[in-house]
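Enquirer: Have a look at this one before I ask anything.
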Amino acid sequence: MERYILLASLLLPSFLASASNLLDHELVKNERSCFSWVFSDYGSWRNQMKKKYEKSAKSEETVDKKLAWFDSMFTQEKYDLYKSSLDCSTFEYEVDSHMVKGYVIKPKGADKKLPVLVYNRGGNGNFGGVVFGSMMHNLFPIAQEGFVIVGSQYRGTHTKFDTLDEFGGEDVKDVTALLDLIPSISGADSNRVGMYGASRGGMQTHLALKHSNNIKAIATIAGNTDLAKGLTYRPEMEKVYKKRIPNYLENKQQELDRRSVLKWVDELSPNVPILLLHGTADKRVSVKHSEDFASELVKYNIPHKLVLYPNDNHGLFKNKEAVNNELVSWFGKHL
């Protein structure tokens, strides 16, 4: 849990830096390079994190502990590699009169068009938003293998406006709107598009797939597939549902079922294969979500692969390299 929070706090890429110009679309505004502001070099990023830790920590020992964690997770060698080999931009795009924040990552200097992965983040609101640290940990290694990655922060995230994502409601449009932007990404092959999501992002993936016919394969990491049953594993999630899902108290079961792919497996396409990755010690989204879903996929002859990681947690930190290899192999095969 602590590592998850630390990873989510590694600063937002700035929207005040120089333009990057990876997209050319009228709905895209304020495109900026991820490798700017304090992220323009490794030393300035690390120094900013040190200052952040010093403000929040109660002792020098705690600061040293957090910096040691940072140094183990994010080495200068990795930073230099990704900065030299990847292009990365943050941007804003309009959906239903909302300005939504997004990002795009792609390898530099590719001599052919590359397959595209739409990534759906977990969490809700600012919690779980994709910051530079999570890009480097979760997304840069995948892009490095020859993929363009584009993703949404969802409406209301890291903005001054009082707009809530609806945890699988109107915010799904923030995901599907990205599909219209893909042709405007230089070097992206709009005929080879996959989608994957982590935690709540798994739900977003299944919901977005309902509104698209050009997604060729999907994957979920610790995805929630039955929200009502999930409350029996983790009752505190109801606070999130009450806050974010419109008319939740009046239509609880209906709203939860609408967001639960396990309730409409018969509607899934047999032409879109599904990869399920989950840790058996996940305390945030029980592994039963993926196990139960896989059993239903068998009944309906939906092509899929279930990979379980013994004793690993929600973020699959113990098996990160293996998880990345599964994703790269899966989408390399199907796109």
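We label chains A, B, ... in the order they appear in the structure tokens, count residues from 1 in each chain, and number ligands from 1 in the order shown.
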If you run DSSP on the backbone, which residues of region 156-257 of chain A are helix (DSSP H, G or I), as a PyMOL selection string?
Expert: chain A and resi 172-184+200-209+227-233+235-244+252-257
Enquirer: May I have the selected residues written with N, CA and C atoms, as a short mmCIF file (atom, residue, chain, number, x, y, z; two decimals), in the first residue's frame?
Expert:
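What ended up in part.cif:
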data_model
loop_
_atom_site.label_atom_id
_atom_site.label_comp_id
_atom_site.auth_asym_id
_atom_site.auth_seq_id
_atom_site.Cartn_x
_atom_site.Cartn_y
_atom_site.Cartn_z
N VAL A 172 -16.46 7.13 -19.30
CA VAL A 172 -16.03 6.16 -20.32
C VAL A 172 -15.84 6.86 -21.67
N LYS A 173 -16.59 7.94 -21.87
CA LYS A 173 -16.41 8.72 -23.11
C LYS A 173 -15.01 9.32 -23.19
N ASP A 174 -14.39 9.57 -22.04
CA ASP A 174 -13.03 10.10 -22.04
C ASP A 174 -12.05 9.09 -22.63
N VAL A 175 -12.38 7.82 -22.48
CA VAL A 175 -11.57 6.75 -23.06
C VAL A 175 -11.85 6.60 -24.54
N THR A 176 -13.12 6.49 -24.90
CA THR A 176 -13.46 6.25 -26.31
C THR A 176 -13.08 7.44 -27.19
N ALA A 177 -13.06 8.66 -26.61
CA ALA A 177 -12.65 9.83 -27.38
C ALA A 177 -11.20 9.73 -27.83
N LEU A 178 -10.40 9.00 -27.08
CA LEU A 178 -9.00 8.83 -27.46
C LEU A 178 -8.87 8.08 -28.79
N LEU A 179 -9.82 7.21 -29.06
CA LEU A 179 -9.76 6.43 -30.30
C LEU A 179 -9.82 7.35 -31.52
N ASP A 180 -10.55 8.46 -31.39
CA ASP A 180 -10.64 9.42 -32.50
C ASP A 180 -9.34 10.21 -32.68
N LEU A 181 -8.53 10.23 -31.62
CA LEU A 181 -7.27 10.97 -31.70
C LEU A 181 -6.12 10.14 -32.28
N ILE A 182 -6.26 8.84 -32.26
CA ILE A 182 -5.16 7.96 -32.67
C ILE A 182 -4.65 8.26 -34.09
N PRO A 183 -5.54 8.48 -35.07
CA PRO A 183 -5.03 8.78 -36.42
C PRO A 183 -4.18 10.04 -36.48
N SER A 184 -4.31 10.93 -35.50
CA SER A 184 -3.55 12.17 -35.50
C SER A 184 -2.19 12.04 -34.80
N ARG A 200 -9.56 -0.41 -11.50
CA ARG A 200 -10.76 0.19 -12.07
C ARG A 200 -10.62 0.36 -13.59
N GLY A 201 -9.39 0.49 -14.07
CA GLY A 201 -9.16 0.61 -15.50
C GLY A 201 -9.56 -0.63 -16.28
N GLY A 202 -9.62 -1.78 -15.60
CA GLY A 202 -10.12 -2.99 -16.26
C GLY A 202 -11.60 -2.84 -16.58
N MET A 203 -12.35 -2.28 -15.63
CA MET A 203 -13.77 -2.00 -15.85
C MET A 203 -13.93 -1.01 -17.01
N GLN A 204 -13.11 0.05 -17.01
CA GLN A 204 -13.17 1.03 -18.09
C GLN A 204 -12.93 0.37 -19.44
N THR A 205 -12.02 -0.58 -19.47
CA THR A 205 -11.68 -1.27 -20.71
C THR A 205 -12.88 -2.02 -21.27
N HIS A 206 -13.54 -2.78 -20.41
CA HIS A 206 -14.71 -3.54 -20.87
C HIS A 206 -15.85 -2.63 -21.29
N LEU A 207 -16.05 -1.55 -20.57
CA LEU A 207 -17.12 -0.61 -20.91
C LEU A 207 -16.81 0.12 -22.21
N ALA A 208 -15.57 0.52 -22.41
CA ALA A 208 -15.19 1.21 -23.65
C ALA A 208 -15.33 0.30 -24.85
N LEU A 209 -15.06 -0.98 -24.63
CA LEU A 209 -15.13 -1.94 -25.74
C LEU A 209 -16.55 -2.05 -26.29
N LEU A 227 -18.89 -5.67 -9.35
CA LEU A 227 -18.77 -4.65 -8.31
C LEU A 227 -19.60 -4.97 -7.07
N ALA A 228 -20.79 -5.56 -7.26
CA ALA A 228 -21.62 -5.89 -6.10
C ALA A 228 -20.95 -6.97 -5.24
N LYS A 229 -20.48 -8.02 -5.89
CA LYS A 229 -19.79 -9.07 -5.15
C LYS A 229 -18.49 -8.54 -4.56
N GLY A 230 -17.88 -7.59 -5.27
CA GLY A 230 -16.65 -6.99 -4.77
C GLY A 230 -16.83 -6.29 -3.44
N LEU A 231 -18.04 -5.80 -3.16
CA LEU A 231 -18.31 -5.15 -1.88
C LEU A 231 -18.25 -6.13 -0.71
N THR A 232 -18.45 -7.41 -1.01
CA THR A 232 -18.32 -8.40 0.06
C THR A 232 -16.86 -8.64 0.40
N TYR A 233 -15.96 -8.38 -0.55
CA TYR A 233 -14.53 -8.51 -0.30
C TYR A 233 -13.97 -7.22 0.32
N PRO A 235 -15.80 -3.84 1.59
CA PRO A 235 -17.00 -3.00 1.79
C PRO A 235 -16.73 -1.50 1.72
N GLU A 236 -15.52 -1.07 2.03
CA GLU A 236 -15.24 0.37 2.06
C GLU A 236 -15.32 1.02 0.68
N MET A 237 -15.33 0.23 -0.40
CA MET A 237 -15.45 0.79 -1.74
C MET A 237 -16.81 1.46 -1.95
N GLU A 238 -17.78 1.13 -1.09
CA GLU A 238 -19.10 1.74 -1.26
C GLU A 238 -19.06 3.25 -1.07
N LYS A 239 -18.09 3.75 -0.30
CA LYS A 239 -17.94 5.20 -0.14
C LYS A 239 -17.63 5.85 -1.48
N VAL A 240 -16.80 5.19 -2.27
CA VAL A 240 -16.46 5.70 -3.61
C VAL A 240 -17.69 5.67 -4.50
N TYR A 241 -18.42 4.57 -4.47
CA TYR A 241 -19.60 4.43 -5.33
C TYR A 241 -20.66 5.49 -4.98
N LYS A 242 -20.89 5.71 -3.70
CA LYS A 242 -21.88 6.69 -3.28
C LYS A 242 -21.51 8.09 -3.75
N LYS A 243 -20.23 8.39 -3.71
CA LYS A 243 -19.76 9.72 -4.09
C LYS A 243 -19.79 9.93 -5.59
N ARG A 244 -19.49 8.88 -6.37
CA ARG A 244 -19.22 9.09 -7.79
C ARG A 244 -20.31 8.58 -8.73
N LYS A 252 -28.92 1.11 -6.96
CA LYS A 252 -27.63 0.49 -6.62
C LYS A 252 -27.32 -0.74 -7.47
N GLN A 253 -28.17 -1.74 -7.45
CA GLN A 253 -27.87 -2.98 -8.16
C GLN A 253 -27.76 -2.76 -9.66
N GLN A 254 -28.65 -1.96 -10.19
CA GLN A 254 -28.63 -1.69 -11.63
C GLN A 254 -27.33 -1.01 -12.05
N GLU A 255 -26.90 -0.02 -11.28
CA GLU A 255 -25.68 0.71 -11.63
C GLU A 255 -24.43 -0.16 -11.47
N LEU A 256 -24.41 -0.98 -10.44
CA LEU A 256 -23.27 -1.87 -10.24
C LEU A 256 -23.21 -2.93 -11.33
N ASP A 257 -24.35 -3.50 -11.68
CA ASP A 257 -24.38 -4.53 -12.74
C ASP A 257 -23.96 -3.95 -14.08
#
Enquirer: Could you give me, as a PDB file with N, CA, C and O atoms, in the first residue's frame, the residues within 7 Å of Val63 (chain A), counting only C-alpha atoms and dropping anything in the same chain fewer than 4 positions from it?
Expert:
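The resulting around.pdb:
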ATOM      1  N   TYR A  53       9.654  15.004   0.125  1.00  0.00           N
ATOM      2  CA  TYR A  53       9.744  14.097   1.263  1.00  0.00           C
ATOM      3  C   TYR A  53      10.071  14.868   2.546  1.00  0.00           C
ATOM      4  O   TYR A  53       9.548  14.559   3.621  1.00  0.00           O
ATOM      5  N   GLU A  54      10.941  15.865   2.445  1.00  0.00           N
ATOM      6  CA  GLU A  54      11.326  16.635   3.624  1.00  0.00           C
ATOM      7  C   GLU A  54      10.153  17.422   4.201  1.00  0.00           C
ATOM      8  O   GLU A  54      10.073  17.635   5.407  1.00  0.00           O
ATOM      9  N   ALA A  57       7.797  14.374   5.772  1.00  0.00           N
ATOM     10  CA  ALA A  57       8.353  13.404   6.715  1.00  0.00           C
ATOM     11  C   ALA A  57       8.585  14.027   8.080  1.00  0.00           C
ATOM     12  O   ALA A  57       8.843  15.232   8.210  1.00  0.00           O
ATOM     13  N   SER A  59      10.931  12.804  10.213  1.00  0.00           N
ATOM     14  CA  SER A  59      12.317  12.599  10.640  1.00  0.00           C
ATOM     15  C   SER A  59      13.228  12.456   9.426  1.00  0.00           C
ATOM     16  O   SER A  59      12.779  12.136   8.321  1.00  0.00           O
ATOM     17  N   LEU A  67      13.915   8.247   0.042  1.00  0.00           N
ATOM     18  CA  LEU A  67      14.875   8.478  -1.042  1.00  0.00           C
ATOM     19  C   LEU A  67      15.529   7.176  -1.494  1.00  0.00           C
ATOM     20  O   LEU A  67      15.791   6.984  -2.686  1.00  0.00           O
TER      21      LEU A  67
END
Enquirer: Find the spatial neighbours of Leu164 (chain A), counting only C-alpha atoms, within a cut-off of 9 Å - ignore same-chain residues fewer than 3 positions away - and output them as JSON, numbers by chain.
Expert: {"A": [124, 125, 154, 155, 156, 157, 161, 167, 171, 243, 244]}
Enquirer: Counting only C-alpha atoms, what is within 7 Å of Thr280 (chain A), bar same-chain residues fewer than 2 positions away, as an MDAnalysis selection string?
Expert: chainID A and resid 278 282 287 308:312
Enquirer: Taking the DSSP assignment computed from this structure's backbone, write out as a ChimeraX atom specification all residues of region 99-306 of chain A that belong to strand (DSSP E or B).
Expert: /A:99-107,114-120,124,127,148-152,185,188-198,215-221,274-279,304-306
Enquirer: Write out as a count of residues only the residues lying within 8 Å of region 106-114 of chain A, counting only C-alpha atoms and excluding same-chain residues fewer than 5 positions away.
Expert: 14
Enquirer: I'd like the contact shell of Ala219 (chain A) - 10 Å cut-off, only C-alpha atoms, skipping same-chain residues fewer than 5 positions apart - returned as a PyMOL selection string.
Expert: chain A and resi 119+194-198+202+205-206+273-277+304-306+326-327+330-331
Enquirer: Just to confirm, what's the straight-line distance from CA of Glu296 (chain A) to CA of Asp266 (chain A) in Å (one decimal)?
Expert: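 Distance reported for this atom pair: 8.9 Å.
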Enquirer: What does the distance between CA of Asp41 (chain A) and CA of Val100 (chain A) come to in Å, to one decimal place?
Expert: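 So the two atoms, CA of Asp41 (chain A) and CA of Val100 (chain A), lie 27.0 Å apart.
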Enquirer: Tell me which of A:Glu92, A:Pro115, A:Lys216, A:Asn325 sits closest to Ser186 (chain A), counting only C-alpha atoms.
Expert: A:Pro115
Enquirer: Any idea what's packed within 6 Å of Ser89 (chain A), counting only C-alpha atoms, ignoring anything in its chain fewer than 4 positions away? Could you give it as a compact mmCIF listing (two decimals) with N, CA and C atoms, in the first residue's frame?
Expert:
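Below is the file that was written, selection_4.txt:
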# COMPACT_ATOMS: atom_id res chain seq x y z
N ARG A 32 2.34 19.32 -24.18
CA ARG A 32 3.63 19.65 -23.58
C ARG A 32 4.46 18.38 -23.38
N SER A 33 5.76 18.54 -23.43
CA SER A 33 6.65 17.40 -23.23
C SER A 33 6.63 16.92 -21.78
N CYS A 34 6.62 15.60 -21.59
CA CYS A 34 6.72 15.05 -20.24
C CYS A 34 8.10 15.31 -19.65
N TYR A 103 -2.28 11.80 -22.16
CA TYR A 103 -0.85 11.68 -22.41
C TYR A 103 -0.63 10.69 -23.55
N VAL A 104 0.49 10.83 -24.23
CA VAL A 104 0.86 9.92 -25.30
C VAL A 104 2.36 9.65 -25.21
Enquirer: CA of Tyr300 (chain A) and CA of Arg121 (chain A) are how many Å apart?
Expert: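 CA of Arg121 (chain A) lies at a distance of 27.6 Å from CA of Tyr300 (chain A).
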Enquirer: Quick one: of A:Asp96, A:Asp71, A:Asp80, A:Glu26, who's nearest to Ser40 (chain A), counting only C-alpha atoms?
Expert: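 Of all the options, A:Asp80 lies closest to Ser40 (chain A).
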